[in-house]
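Q: The structure under discussion is supplied below as structure tokens; questions concerning it will follow.
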Amino acid sequence: MEGRAERSLDLVAAARKAIGGAIFGQELVVEEALVTILSGGHALFVGAPGLAKTLLVETLGRVLGLHANRVQFTPDLMPTDILGSEVLEEGADHRRAFRFIKGPIFAQLLMADEINRASPRTQSALLQAMQEYHVTIAGQRYDLPRPFHVLATQNPLEQEGTYPLPEAQLDRFLMQIDVPYPQRDAERRILIETTGRARPAPEQVIDAVGLMDIQALVRLMPVGASIVDCILDLVRAARPGEGDAEITRHIAWGPGPRAAQSLMLACRARALIQGRLAPSKADVLELAAPILKHRMALTYSARADGETIDAVIERLKQRFG
């Protein structure tokens, strides 16, 4: 066990360094993306265009040795465009039979670009896959490759012609990762290093089998009773009627048990990324916002008063800090 853990720590550190060599100035975003994948989950990236969200997904696929596909979501995209469809073929003996042609969802890393541009019907095509890791076409089950991760992007600026993701689908994302503009020094580096000669692609550090072994290790990492209680207390405090009335009066609905499960796994993964074999309270507080923010909603009066989910979560964290 000890040797396995040391090898995993070395691989994760090497992967983070390789990704950081291609993505400048987004260290927290890279860390949260790795936390999501090591936890075996899916992530929703929210940020303005041109902030390297697509490049990050491509880099993750290359460094982690995963087969990656990308789907550009549009209003006219149909579920079969993602899942695949059956076609009628005629063989050499003139007998006809249906053959299933797999769609782009049959990948280990699926980038769903601007997912909120697709209709609810198409968005729901991802629900079964994200939760059950298989799809059903014409009554036939088709298992997806393992590991399987959906990394979706959402543009928060242009909302005309978009369809907000339903709460049931948002809850399937382990975390919402906000992608900010880079700092000046990072943007200067981007400007210099990406407008000259083509840069070499990052090298593969881990393969799919190795990644699944690390994911299994994450689930075996010990979590102290105090950390378990901290996770439970924090998640339950974000629910109307259970936490501090001064805070929860702003919350229309709060996170369910899946939020606590996600926070437990993510804390273990973050500890591993930072070279530790057990999570701490700092991990819980650091990951509270990306785990909870898409699993909560403000009341109408709170929105009218200018309240934000981030501010509510920050006050929750201060109570446990």
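As shown in the structure tokens, the chain order sets the letters A, B, ...; within each chain, residues go from 1, and ligands are also counted from 1 in the order they appear.
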Taking 3 positions as the minimum chain separation for residues in the same chain, which residues sit within 12 Å of Arg7 in chain A when counting only C-alpha atoms? Answer as a PyMOL selection string.
A: chain A and resi 1-4+10-14+206+210-211+213-214+217+272+275
Q: Show me a table, sorted first by chain and then by increasing residue number, of the residues of range 107-181 of chain A having an atom at most 12 Å from range 65-78 of chain A, each with its shortest atom pair and the distance in Å to one decimal, counting only C-alpha atoms and written as a tab-separated table.
A:
```
residue	atom	partner	partner_atom	distance
A:Ala107	CA	A:His67	CA	5.6
A:Gln108	CA	A:His67	CA	5.2
A:Leu109	CA	A:Ala68	CA	4.5
A:Leu110	CA	A:Asn69	CA	5.1
A:Met111	CA	A:Arg70	CA	4.6
A:Ala112	CA	A:Val71	CA	5.2
A:Asp113	CA	A:Gln72	CA	4.9
A:Glu114	CA	A:Phe73	CA	5.7
A:Ile115	CA	A:Phe73	CA	5.4
A:Asn116	CA	A:Phe73	CA	7.6
A:Arg117	CA	A:Thr74	CA	5.2
A:Ala118	CA	A:Pro75	CA	4.6
A:Ser119	CA	A:Pro75	CA	5.8
A:Pro120	CA	A:Pro75	CA	9.6
A:Arg121	CA	A:Met78	CA	7.8
A:Thr122	CA	A:Met78	CA	5.6
A:Gln123	CA	A:Phe73	CA	9.2
A:Ser124	CA	A:Met78	CA	10.6
A:Ala125	CA	A:Met78	CA	8.9
A:Leu126	CA	A:Met78	CA	11.5
A:Leu144	CA	A:His67	CA	11.9
A:Pro145	CA	A:His67	CA	9.2
A:Arg146	CA	A:Leu66	CA	9.5
A:Pro147	CA	A:Leu66	CA	8.3
A:Phe148	CA	A:Leu66	CA	9.1
A:His149	CA	A:Ala68	CA	9.5
A:Val150	CA	A:Ala68	CA	9.9
A:Leu151	CA	A:Arg70	CA	9.5
A:Ala152	CA	A:Val71	CA	9.5
A:Thr153	CA	A:Phe73	CA	9.8
A:Gln154	CA	A:Phe73	CA	10.1
A:Asn155	CA	A:Phe73	CA	11.7
A:Glu160	CA	A:Pro75	CA	11.4
A:Gly161	CA	A:Pro75	CA	7.8
A:Thr162	CA	A:Pro75	CA	7.9
A:Tyr163	CA	A:Pro75	CA	8.9
```
Q: Save the residues we just selected, N, CA and C atoms, as a short mmCIF file (atom, residue, chain, number, x, y, z; two decimals), in the first residue's frame?
A:
```cif
data_model
loop_
_atom_site.label_atom_id
_atom_site.label_comp_id
_atom_site.auth_asym_id
_atom_site.auth_seq_id
_atom_site.Cartn_x
_atom_site.Cartn_y
_atom_site.Cartn_z
N ALA A 107 -16.00 7.88 -25.50
CA ALA A 107 -14.63 8.33 -25.27
C ALA A 107 -14.38 8.29 -23.78
N GLN A 108 -13.12 8.36 -23.40
CA GLN A 108 -12.80 8.39 -21.97
C GLN A 108 -12.88 9.79 -21.40
N LEU A 109 -12.72 10.78 -22.28
CA LEU A 109 -12.80 12.18 -21.86
C LEU A 109 -13.62 12.92 -22.92
N LEU A 110 -14.83 13.32 -22.56
CA LEU A 110 -15.72 14.01 -23.49
C LEU A 110 -15.80 15.48 -23.13
N MET A 111 -15.44 16.34 -24.08
CA MET A 111 -15.61 17.77 -23.87
C MET A 111 -16.93 18.20 -24.49
N ALA A 112 -17.84 18.67 -23.65
CA ALA A 112 -19.13 19.18 -24.11
C ALA A 112 -19.04 20.70 -24.12
N ASP A 113 -18.72 21.24 -25.29
CA ASP A 113 -18.43 22.67 -25.40
C ASP A 113 -19.72 23.48 -25.48
N GLU A 114 -19.86 24.47 -24.60
CA GLU A 114 -21.05 25.33 -24.52
C GLU A 114 -22.32 24.49 -24.41
N ILE A 115 -22.34 23.66 -23.37
CA ILE A 115 -23.41 22.69 -23.18
C ILE A 115 -24.78 23.35 -23.06
N ASN A 116 -24.83 24.58 -22.57
CA ASN A 116 -26.13 25.23 -22.38
C ASN A 116 -26.73 25.77 -23.68
N ARG A 117 -26.05 25.56 -24.81
CA ARG A 117 -26.63 25.98 -26.09
C ARG A 117 -27.54 24.90 -26.68
N ALA A 118 -27.43 23.68 -26.17
CA ALA A 118 -28.26 22.58 -26.69
C ALA A 118 -29.61 22.58 -25.99
N SER A 119 -30.59 21.96 -26.65
CA SER A 119 -31.94 21.88 -26.10
C SER A 119 -31.96 20.93 -24.89
N PRO A 120 -32.96 21.05 -24.02
CA PRO A 120 -33.06 20.14 -22.88
C PRO A 120 -33.09 18.67 -23.29
N ARG A 121 -33.69 18.37 -24.44
CA ARG A 121 -33.74 16.99 -24.91
C ARG A 121 -32.34 16.44 -25.14
N THR A 122 -31.49 17.25 -25.73
CA THR A 122 -30.12 16.80 -26.00
C THR A 122 -29.29 16.80 -24.72
N GLN A 123 -29.49 17.79 -23.87
CA GLN A 123 -28.77 17.81 -22.58
C GLN A 123 -29.07 16.55 -21.77
N SER A 124 -30.34 16.12 -21.80
CA SER A 124 -30.73 14.96 -21.01
C SER A 124 -30.12 13.67 -21.54
N ALA A 125 -29.65 13.69 -22.79
CA ALA A 125 -29.00 12.49 -23.34
C ALA A 125 -27.73 12.16 -22.59
N LEU A 126 -27.16 13.17 -21.93
CA LEU A 126 -25.94 12.94 -21.16
C LEU A 126 -26.21 12.39 -19.76
N LEU A 144 -19.96 2.41 -21.74
CA LEU A 144 -18.99 3.42 -22.14
C LEU A 144 -17.58 3.00 -21.71
N PRO A 145 -16.56 3.52 -22.38
CA PRO A 145 -15.18 3.20 -21.96
C PRO A 145 -14.94 3.67 -20.53
N ARG A 146 -14.03 3.02 -19.86
CA ARG A 146 -13.65 3.44 -18.51
C ARG A 146 -12.18 3.82 -18.50
N PRO A 147 -11.79 4.86 -17.81
CA PRO A 147 -12.68 5.76 -17.09
C PRO A 147 -13.46 6.64 -18.06
N PHE A 148 -14.54 7.26 -17.58
CA PHE A 148 -15.36 8.13 -18.40
C PHE A 148 -15.62 9.42 -17.65
N HIS A 149 -15.25 10.53 -18.28
CA HIS A 149 -15.43 11.84 -17.65
C HIS A 149 -16.00 12.82 -18.66
N VAL A 150 -16.96 13.62 -18.23
CA VAL A 150 -17.50 14.71 -19.04
C VAL A 150 -16.98 16.02 -18.46
N LEU A 151 -16.31 16.79 -19.29
CA LEU A 151 -15.85 18.12 -18.92
C LEU A 151 -16.60 19.10 -19.81
N ALA A 152 -17.58 19.75 -19.27
CA ALA A 152 -18.45 20.64 -20.04
C ALA A 152 -18.04 22.09 -19.81
N THR A 153 -18.27 22.94 -20.82
CA THR A 153 -18.02 24.37 -20.67
C THR A 153 -19.32 25.13 -20.83
N GLN A 154 -19.36 26.28 -20.19
CA GLN A 154 -20.54 27.12 -20.26
C GLN A 154 -20.10 28.57 -20.29
N ASN A 155 -20.63 29.33 -21.24
CA ASN A 155 -20.31 30.74 -21.38
C ASN A 155 -21.32 31.55 -20.56
N GLU A 160 -28.47 34.64 -24.62
CA GLU A 160 -29.56 34.60 -25.59
C GLU A 160 -29.50 33.29 -26.39
N GLY A 161 -30.62 32.61 -26.47
CA GLY A 161 -30.68 31.36 -27.23
C GLY A 161 -30.08 30.18 -26.50
N THR A 162 -29.91 30.30 -25.18
CA THR A 162 -29.35 29.18 -24.41
C THR A 162 -30.43 28.58 -23.53
N TYR A 163 -30.13 27.39 -23.02
CA TYR A 163 -31.07 26.66 -22.16
C TYR A 163 -30.36 26.35 -20.85
#
```
Q: DSSP says alpha helix (DSSP H) for which residues of range 153-270 of chain A? Put them as number ranges by chain?
A: A: 167-170, 184-193, 208-220, 225-237, 245-248, 257-270
Q: List as a list in words the protein and nucleic acid residues near range 47-64 of chain A, meaning an atom at most 7 Å away when only C-alpha atoms are counted, but skip any in the same chain fewer than 6 places from it.
A: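 The residues that qualify are Ala15, Ala18, Ile19, Ile23, Leu109, Met111, Gln154, Asn155, Pro156, Leu157, Asp178, Val179, Pro180, Tyr181, Pro202, Glu203, Gln204, Val205, Ile206, Asp207 and Ala208 of chain A.
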Q: For Val284 in chain A, which residue among A:Asp233, A:Glu246, A:Glu307, A:Glu132 is the nearest when counting only C-alpha atoms?
A: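 Using only C-alpha atoms, Val284 in chain A sits closest to A:Asp233.
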